[in-house]
>>> print(open('input_12.cif').read())   # mmCIF, C-alpha atoms
data_structure
#
loop_
_atom_site.label_atom_id
_atom_site.label_comp_id
_atom_site.auth_asym_id
_atom_site.auth_seq_id
_atom_site.Cartn_x
_atom_site.Cartn_y
_atom_site.Cartn_z
CA MET P 26 169.81 -153.87 106.74
CA ASP P 27 172.53 -155.70 104.98
CA LEU P 28 171.95 -157.01 101.51
CA THR P 29 175.18 -158.91 101.23
CA ASP P 30 173.20 -162.09 101.15
CA LEU P 31 171.90 -161.52 97.67
CA THR P 32 169.90 -164.70 97.62
CA ASP P 33 167.56 -162.80 99.93
CA LEU P 34 166.93 -160.17 97.30
CA THR P 35 166.43 -162.81 94.65
CA ASP P 36 163.99 -164.55 96.92
CA LEU P 37 162.11 -161.33 97.62
CA LEU P 38 161.85 -160.58 93.92
CA GLU P 39 160.72 -164.12 93.15
CA ARG P 40 158.01 -163.94 95.79
CA ALA P 41 156.88 -160.48 94.66
CA ALA P 42 156.80 -161.59 91.03
CA ASP P 43 154.95 -164.78 91.84
CA ARG P 44 152.14 -162.68 93.23
CA SER P 45 151.32 -161.68 89.66
CA ARG P 46 148.95 -164.05 88.03
CA VAL P 47 150.07 -164.87 84.55
CA GLY P 48 147.58 -166.09 82.01
CA LEU P 49 148.30 -168.38 79.13
CA ALA P 50 150.52 -166.98 76.43
CA PRO P 51 148.35 -165.79 73.53
CA LEU P 52 150.40 -167.71 71.01
CA ASN P 53 147.83 -167.65 68.21
CA GLU P 54 147.30 -163.92 68.60
CA MET P 55 151.04 -163.35 68.50
CA VAL P 56 151.37 -165.33 65.30
CA THR P 57 148.39 -163.58 63.71
CA ARG P 58 149.64 -160.15 64.64
CA THR P 59 153.13 -160.96 63.44
CA ARG P 60 151.78 -162.13 60.08
CA ARG P 61 149.76 -158.92 59.83
CA THR P 62 152.84 -156.86 60.64
CA ARG P 63 154.84 -158.73 58.01
CA ARG P 64 152.12 -158.15 55.41
CA ARG P 65 151.97 -154.46 56.34
CA ARG P 66 155.74 -154.11 56.10
CA ARG P 67 155.76 -155.92 52.76
CA ALA P 68 153.00 -153.65 51.44
CA LEU P 69 154.86 -150.60 52.71
CA GLY P 70 158.02 -151.84 51.01
CA VAL P 71 156.20 -152.35 47.72
CA SER P 72 154.57 -148.92 47.99
CA ALA P 73 157.88 -147.26 48.79
CA ALA P 74 159.54 -149.03 45.86
CA ALA P 75 156.71 -147.97 43.56
CA CYS P 76 156.97 -144.38 44.74
CA ALA P 77 160.71 -144.41 44.24
CA ALA P 78 160.31 -145.86 40.74
CA ILE P 79 157.73 -143.21 39.84
CA LEU P 80 159.97 -140.43 41.17
CA VAL P 81 162.91 -141.79 39.18
CA LEU P 82 160.81 -142.05 36.01
CA VAL P 83 159.42 -138.54 36.45
CA GLY P 84 162.92 -137.24 37.10
CA ILE P 85 164.25 -138.92 33.98
CA ASP P 86 161.31 -137.59 31.99
CA VAL P 87 161.92 -134.05 33.21
CA VAL P 88 165.64 -134.26 32.46
CA LEU P 89 165.10 -135.74 29.01
CA SER P 90 162.23 -133.46 28.02
CA GLY P 91 164.35 -130.35 28.59
CA PRO P 92 163.20 -126.94 29.69
CA ALA P 93 161.06 -126.23 26.65
CA ASP P 94 158.46 -128.86 27.37
CA GLN P 95 157.37 -127.46 30.66
CA SER P 96 153.87 -128.58 30.11
CA ARG P 97 154.89 -132.04 31.34
CA ARG P 98 155.88 -130.53 34.63
CA GLY P 99 152.56 -128.83 34.96
CA VAL P 100 154.12 -125.36 34.96
CA ALA P 101 151.65 -122.83 33.74
CA PRO P 102 152.99 -119.68 32.13
CA ALA P 103 152.25 -116.93 34.60
CA ASP P 104 152.26 -114.01 32.19
CA VAL P 105 150.54 -115.90 29.43
CA SER P 106 147.10 -115.82 30.85
CA PRO P 107 144.98 -118.55 29.36
CA SER P 108 141.90 -117.17 27.74
CA PRO P 109 138.61 -118.97 28.08
CA SER P 110 139.07 -120.10 24.54
CA ALA P 111 142.22 -121.94 25.59
CA VAL P 112 140.26 -124.01 28.03
CA GLN P 113 137.43 -124.68 25.61
CA PRO P 114 139.15 -124.42 22.26
CA SER P 115 136.99 -123.12 19.50
CA SER P 116 137.56 -123.73 15.87
CA PRO P 117 140.37 -121.47 14.76
CA ALA P 118 139.30 -121.62 11.11
CA SER P 119 141.76 -120.12 8.69
CA LEU P 120 145.04 -118.76 9.95
CA ASN P 121 145.77 -116.81 6.79
CA GLY P 122 146.94 -113.32 7.68
CA THR P 123 149.62 -111.46 9.58
CA TRP P 124 149.80 -111.98 13.31
CA ARG P 125 151.64 -110.12 16.03
CA VAL P 126 153.07 -112.34 18.74
CA THR P 127 151.70 -111.02 22.02
CA ALA P 128 153.03 -113.72 24.34
CA LEU P 129 155.70 -116.39 24.12
CA VAL P 130 156.39 -118.81 26.92
CA GLY P 131 159.94 -118.80 28.25
CA ASN P 132 161.94 -121.52 29.93
CA ASP P 133 160.57 -120.59 33.34
CA GLY P 134 156.96 -120.55 32.22
CA HIS P 135 156.74 -116.77 32.00
CA SER P 136 156.29 -114.84 28.82
CA VAL P 137 159.60 -113.65 27.48
CA LEU P 138 158.21 -110.79 25.45
CA LYS P 139 159.43 -107.76 27.28
CA GLY P 140 160.16 -104.22 26.21
CA ARG P 141 161.81 -104.00 22.86
CA TYR P 142 160.50 -107.27 21.48
CA ALA P 143 156.93 -106.70 22.49
CA ASP P 144 155.98 -105.50 19.04
CA LYS P 145 158.74 -106.96 16.88
CA LEU P 146 157.60 -110.50 16.35
CA ARG P 147 155.24 -110.96 13.47
CA LEU P 148 154.12 -114.02 11.64
CA THR P 149 152.51 -114.14 8.27
CA LEU P 150 150.67 -117.35 7.55
CA LYS P 151 149.30 -118.05 4.14
CA ASP P 152 148.13 -121.38 2.81
CA GLY P 153 150.67 -123.48 4.69
CA GLU P 154 153.57 -121.11 4.42
CA LEU P 155 155.10 -119.13 7.24
CA SER P 156 157.14 -116.00 7.03
CA GLY P 157 157.79 -113.30 9.53
CA VAL P 158 159.99 -110.95 11.43
CA TRP P 159 161.85 -112.20 14.45
CA GLY P 160 163.69 -109.38 16.12
CA CYS P 161 166.43 -108.48 13.68
CA ASN P 162 165.98 -111.69 11.63
CA ASP P 163 163.45 -113.02 9.20
CA ILE P 164 161.90 -116.38 9.74
CA PHE P 165 160.38 -118.82 7.30
CA GLY P 166 158.87 -122.26 7.23
CA GLY P 167 155.64 -124.08 6.75
CA TYR P 168 152.65 -125.14 8.76
CA ARG P 169 149.91 -127.67 8.51
CA GLN P 170 146.42 -127.52 9.95
CA SER P 171 144.38 -130.63 10.56
CA GLY P 172 140.96 -131.26 12.00
CA VAL P 173 139.34 -128.71 14.21
CA ASP P 174 142.37 -127.65 16.22
CA GLY P 175 145.42 -129.41 14.83
CA LEU P 176 148.37 -127.17 13.92
CA VAL P 177 151.95 -128.18 13.29
CA PHE P 178 154.97 -126.18 12.26
CA PRO P 179 157.29 -128.97 11.04
CA ALA P 180 160.64 -128.39 12.71
CA TYR P 181 162.56 -129.31 9.55
CA SER P 182 160.86 -126.51 7.65
CA LEU P 183 161.57 -123.77 10.15
CA GLY P 184 164.54 -121.49 9.65
CA SER P 185 165.74 -117.96 9.98
CA THR P 186 168.40 -115.55 8.93
CA LEU P 187 171.34 -115.48 11.26
CA VAL P 188 171.94 -111.93 12.29
CA GLY P 189 173.32 -112.06 15.78
CA CYS P 190 170.83 -110.54 18.08
CA ASP P 191 169.24 -111.58 21.30
CA ALA P 192 165.78 -112.61 20.20
CA PRO P 193 163.27 -114.74 22.10
CA PRO P 194 163.09 -118.44 21.19
CA LEU P 195 160.13 -118.23 18.86
CA LEU P 196 161.18 -120.99 16.47
CA GLN P 197 161.73 -123.46 19.30
CA ARG P 198 158.25 -122.78 20.60
CA LEU P 199 156.65 -123.04 17.16
CA ALA P 200 158.29 -126.43 16.70
CA LEU P 201 156.39 -127.68 19.75
CA VAL P 202 152.98 -126.42 18.63
CA ARG P 203 150.36 -129.11 18.10
CA HIS P 204 147.04 -127.30 18.61
CA VAL P 205 145.51 -123.94 17.93
CA SER P 206 142.53 -122.31 19.56
CA GLY P 207 140.83 -118.95 19.53
CA SER P 208 138.56 -116.95 17.29
CA GLY P 209 138.20 -113.48 15.89
CA ASP P 210 141.52 -111.66 15.90
CA ARG P 211 143.17 -113.80 18.57
CA ARG P 212 144.76 -117.22 18.41
CA THR P 213 146.60 -119.31 20.91
CA PHE P 214 149.09 -121.99 19.95
CA HIS P 215 149.32 -124.95 22.31
CA ALA P 216 151.68 -127.84 22.93
CA ALA P 217 150.40 -131.42 22.70
CA SER P 218 149.25 -131.14 26.31
CA TRP P 219 147.39 -127.92 25.55
CA MET P 220 149.88 -125.85 27.44
CA ILE P 221 149.96 -122.35 25.98
CA LEU P 222 153.13 -121.69 24.01
CA VAL P 223 152.35 -118.65 21.89
CA GLN P 224 149.57 -116.09 21.72
CA VAL P 225 149.05 -113.98 18.62
CA ARG P 226 146.77 -111.19 17.60
CA ARG P 227 145.79 -110.52 14.00
CA VAL P 228 147.32 -107.43 12.47
CA ASP P 229 145.64 -107.62 9.10
CA PRO P 230 143.70 -110.28 7.25
CA GLY P 231 145.54 -112.31 4.69
CA MET G 23 155.44 -170.27 62.63
CA PRO G 24 158.84 -171.70 63.56
CA SER G 25 158.36 -174.97 65.38
CA ASP G 26 160.54 -174.04 68.33
CA PHE G 27 158.90 -170.65 68.80
CA SER G 28 155.96 -172.15 70.66
CA ASP G 29 158.37 -173.98 72.98
CA PHE G 30 160.27 -170.78 73.47
CA VAL G 31 157.08 -168.88 74.34
CA ALA G 32 155.93 -171.59 76.72
CA SER G 33 159.21 -171.55 78.60
CA ARG G 34 159.76 -167.77 78.70
CA TRP G 35 156.26 -166.31 78.92
CA PRO G 36 155.71 -166.37 82.71
CA ARG G 37 159.11 -164.94 83.55
CA LEU G 38 158.91 -162.26 80.89
CA VAL G 39 155.53 -161.14 82.20
CA ARG G 40 156.78 -161.10 85.77
CA SER G 41 159.96 -159.28 84.78
CA ALA G 42 157.75 -156.60 83.25
CA VAL G 43 155.78 -156.43 86.50
CA LEU G 44 158.97 -155.92 88.46
CA LEU G 45 160.05 -153.27 86.00
CA GLY G 46 156.90 -151.35 86.88
CA CYS G 47 154.06 -152.60 84.70
CA SER G 48 150.60 -153.44 85.90
CA ALA G 49 149.61 -157.08 85.44
CA THR G 50 147.69 -156.35 82.23
CA GLU G 51 150.34 -154.05 80.88
CA ALA G 52 153.03 -156.61 81.67
CA GLU G 53 151.31 -159.19 79.49
CA ASP G 54 151.08 -156.64 76.68
CA VAL G 55 154.77 -155.84 76.98
CA ALA G 56 155.71 -159.52 77.06
CA GLN G 57 153.47 -160.24 74.10
CA THR G 58 154.95 -157.40 72.08
CA THR G 59 158.42 -158.60 73.00
CA LEU G 60 157.72 -162.11 71.77
CA GLU G 61 156.06 -160.82 68.61
CA ARG G 62 159.20 -158.83 67.86
CA CYS G 63 161.21 -161.98 68.49
CA LEU G 64 159.04 -163.89 66.05
CA LEU G 65 159.49 -161.19 63.41
CA LYS G 66 163.24 -161.65 63.69
CA TRP G 67 163.25 -165.27 64.72
CA ARG G 68 166.31 -166.15 62.66
CA GLN G 69 168.28 -163.45 64.47
CA VAL G 70 167.01 -164.74 67.80
CA GLU G 71 168.10 -168.26 66.87
CA ARG G 72 171.49 -167.04 65.75
CA ALA G 73 172.00 -164.86 68.82
CA ASP G 74 174.95 -165.89 70.97
CA ASP G 75 172.88 -165.32 74.04
CA ARG G 76 169.19 -165.75 73.35
CA ASP G 77 168.07 -164.67 76.81
CA ALA G 78 170.09 -161.48 76.68
CA TYR G 79 168.65 -160.75 73.25
CA VAL G 80 165.07 -161.28 74.40
CA HIS G 81 165.53 -159.24 77.55
CA ARG G 82 166.97 -156.43 75.53
CA ILE G 83 163.80 -156.40 73.45
CA LEU G 84 161.78 -156.53 76.66
CA ILE G 85 163.57 -153.53 78.12
CA ASN G 86 163.19 -151.58 74.86
CA THR G 87 159.51 -152.47 74.63
CA PHE G 88 158.95 -151.47 78.23
CA THR G 89 160.79 -148.17 77.71
CA SER G 90 158.72 -147.49 74.58
CA SER G 91 155.50 -148.25 76.43
CA ARG G 92 156.52 -145.74 79.09
CA ARG G 93 157.15 -143.07 76.46
CA ARG G 94 153.74 -143.63 74.91
CA ARG G 95 151.14 -141.02 75.70
CA TRP G 96 148.08 -141.92 77.66
CA THR G 97 146.10 -142.10 74.42
CA GLY G 98 148.05 -145.28 73.75
CA GLU G 99 145.71 -147.07 76.13
CA ARG G 100 143.15 -149.19 74.45
CA PRO G 101 139.55 -149.11 75.63
CA SER G 102 138.08 -152.42 76.69
CA ALA G 103 134.50 -153.50 77.04
CA GLU G 104 135.40 -155.66 80.01
CA LEU G 105 137.14 -154.45 83.10
CA PRO G 106 140.45 -156.27 83.48
CA ASP G 107 140.15 -156.27 87.27
CA HIS G 108 138.26 -158.97 89.06
CA VAL G 109 137.00 -159.02 92.62
CA THR G 110 139.00 -161.54 94.63
CA PRO G 111 139.31 -162.37 98.32
CA ASP G 112 141.69 -160.07 100.14
CA PRO G 113 144.97 -161.98 100.47
CA THR G 114 146.41 -159.24 102.63
CA ASP G 115 149.26 -161.10 104.19
CA ALA G 116 150.54 -162.44 100.96
CA VAL G 117 150.18 -159.13 99.25
CA VAL G 118 152.15 -157.24 101.84
CA ASP G 119 155.45 -158.84 100.89
CA ALA G 120 155.01 -158.28 97.19
CA ASP G 121 153.73 -154.79 97.75
CA ALA G 122 156.71 -153.88 99.91
CA VAL G 123 159.15 -155.17 97.31
CA LEU G 124 157.38 -153.39 94.49
CA ARG G 125 157.22 -150.14 96.46
CA ALA G 126 160.93 -150.42 97.22
CA LEU G 127 161.63 -150.97 93.53
CA GLU G 128 159.45 -148.00 92.64
CA ARG G 129 161.66 -145.75 94.70
CA LEU G 130 164.65 -146.68 92.55
CA PRO G 131 165.52 -144.77 89.39
CA GLN G 132 164.39 -146.72 86.33
CA ASP G 133 167.89 -147.66 85.19
CA GLN G 134 168.78 -149.07 88.62
CA ARG G 135 165.45 -150.86 88.82
CA ALA G 136 166.08 -152.51 85.46
CA ALA G 137 169.54 -153.55 86.59
CA VAL G 138 168.17 -155.18 89.73
CA VAL G 139 165.44 -157.04 87.86
CA LEU G 140 167.82 -158.30 85.19
CA ARG G 141 170.45 -159.39 87.69
CA TYR G 142 168.38 -160.82 90.53
CA TYR G 143 165.22 -161.95 88.79
CA ALA G 144 166.24 -162.71 85.20
CA HIS G 145 169.60 -163.99 86.52
CA LEU G 146 171.65 -162.39 83.79
CA ASP G 147 175.32 -161.98 84.49
CA GLU G 148 177.17 -158.70 84.08
CA ARG G 149 178.32 -159.48 80.57
CA GLN G 150 174.77 -160.21 79.49
CA MET G 151 173.56 -157.06 81.20
CA THR G 152 176.00 -154.90 79.28
CA THR G 153 174.44 -156.32 76.11
CA VAL G 154 170.88 -155.85 77.30
CA LEU G 155 171.31 -152.36 78.70
CA GLY G 156 173.79 -151.21 76.10
CA VAL G 157 176.15 -149.77 78.71
CA ALA G 158 179.67 -150.55 79.91
CA ALA G 159 180.36 -153.15 82.57
CA GLY G 160 181.41 -150.41 84.97
CA THR G 161 178.06 -148.70 84.55
CA VAL G 162 176.26 -151.95 85.24
CA LYS G 163 178.26 -152.41 88.42
CA SER G 164 177.67 -148.88 89.63
CA ARG G 165 173.94 -149.09 88.94
CA LEU G 166 173.69 -152.34 90.84
CA SER G 167 175.76 -150.99 93.67
CA ARG G 168 173.63 -147.88 94.07
CA ALA G 169 170.44 -149.90 93.76
CA LEU G 170 171.52 -152.36 96.44
CA SER G 171 172.56 -149.56 98.69
CA ALA G 172 169.19 -147.87 98.28
CA LEU G 173 167.33 -151.13 98.86
CA ALA G 174 169.39 -151.83 101.96
CA ASP G 175 168.33 -148.46 103.36
CA ASP G 176 164.71 -148.92 102.41
CA PRO G 177 162.70 -149.09 105.64
CA THR G 178 159.81 -151.11 104.21
CA LEU G 179 162.09 -153.74 102.80
CA GLY G 180 164.08 -153.76 106.03
CA GLU G 181 160.96 -154.54 108.05
CA LEU G 182 160.08 -157.30 105.66
CA ARG G 183 163.50 -158.84 105.93
CA GLY G 184 163.34 -158.47 109.67
CA VAL G 185 160.08 -160.36 109.72
CA ARG G 186 161.61 -163.12 107.73
#
>>> encode(input="input_12.cif", output="structure tokens")
Amino acid sequence: MDLTDLTDLTDLLERAADRSRVGLAPLNEMVTRTRRTRRRRRALGVSAAACAAILVLVGIDVVLSGPADQSRRGVAPADVSPSPSAVQPSSPASLNGTWRVTALVGNDGHSVLKGRYADKLRLTLKDGELSGVWGCNDIFGGYRQSGVDGLVFPAYSLGSTLVGCDAPPLLQRLALVRHVSGSGDRRTFHAASWMILVQVRRVDPG
Amino acid sequence: MPSDFSDFVASRWPRLVRSAVLLGCSATEAEDVAQTTLERCLLKWRQVERADDRDAYVHRILINTFTSSRRRRWTGERPSAELPDHVTPDPTDAVVDADAVLRALERLPQDQRAAVVLRYYAHLDERQMTTVLGVAAGTVKSRLSRALSALADDPTLGELRGVR
């Protein structure tokens, strides 16, 4: 067979195609579905923009808050196990006395009290005044209790001697403290979000 | 809805549906493919209006839609409460011609089949076909050449042409 006469092929195709019955074009359905698609795309666009904005804001917040305020990132200190009292804070009553720091949250959320510093951080709290031993330095400052669980160590009041030694960042953590919980001979200092920053155990009553 | 869209649909609908049939769709599926094609046109109606060659643009969407529908898994089928098929008198003689052509087209590879439909049913020229198929002019020519050669050797189609 020779298909050089291409009008034959066109004719064959036309006749074959004409065998198919074609209904009316569903114009209204097309328009409705197109509108729906547009609405869906618009909603998706808005959602994507909102997600992007939230991610940007969270990113900015994380960058600006710095590593110390890990509570905002939801990072729980792994080695600083929260006691039941941290979840349901009880009245800490008076903090007067000398306290040994048993846990101190580090930049990565883990306690930084290892080896040689495990027993070298002590705080003495008495009627709003703080003193203590911080590795090879002495620390000093003030504190203020309020309400049932409010506790603040005003950053401007905190200071230390300046012997060069590699001590954990106790003062930085104390500056972030906003709550206290615990009872008996244990206390836990929390950030504003209730993230555990410092845990102490009473050495002797004040 | 753009005012000229309804005119556009009215003028293109039958040929788009039948092009889809020749590409290999069932009658029902062909209407779905044509409808999806026109919906996509409506979504980008300004681009369609601005297109240098509106027919080439629309056929490109048709080919893409058809290809996508072929990639879709069987679960893409939608259940229907009513059977789409209706009992009709047996128009055997009339069906034979169409059936022979469709069977001959079925034996072609899909790219050659598309080339034949676009050239000899949609009446696109080679330049338009390069746009629609996204291939070089040489490729269009070779596809058409192979397709015509295969159709010329097709016994069913040969008998049909002999009858005519």
>>> interface_residues(input="input_12.cif", of="chain P", to="chain G", cutoff="9 Å", atoms="only C-alpha atoms", output="NGL selection string")
:P and (26-29 or 31-52 or 55-56 or 58-60 or 62-63)
>>> atom_distance(input="input_12.cif", atom1="atom CA of P:Val177", atom2="atom CA of P:Leu155")
11.3 Å
>>> closest_residue(input="input_12.cif", among="G:Glu128, G:Asp133, G:Asp147, G:Asp26", to="G:Val70", atoms="all atoms listed in the file")
G:Asp26
>>> resolve_selection(input="input_12.cif", expression="the PyMOL selection byres ((chain G and resi 154) around 8)", output="list in words")
Ala78, Tyr79, His81, Arg82, Ile85, Gln150, Met151, Thr152, Thr153, Leu155 and Gly156 of chain G
>>> resolve_selection(input="input_12.cif", expression="the PyMOL selection byres ((chain P and resi 202) around 10)", output="PyMOL selection string")
chain P and resi 168+175-180+197-201+203-205+213-223
>>> atom_distance(input="input_12.cif", atom1="atom CA of P:Ser72", atom2="atom CA of P:Gly84")
18.0 Å
>>> atom_distance(input="input_12.cif", atom1="atom CA of P:Tyr181", atom2="atom CA of P:Val158")
18.6 Å
>>> resolve_selection(input="input_12.cif", expression="the PyMOL selection byres ((chain P and resi 162) around 9)", output="PyMOL selection string")
chain P and resi 157-161+163-164+185-190+192
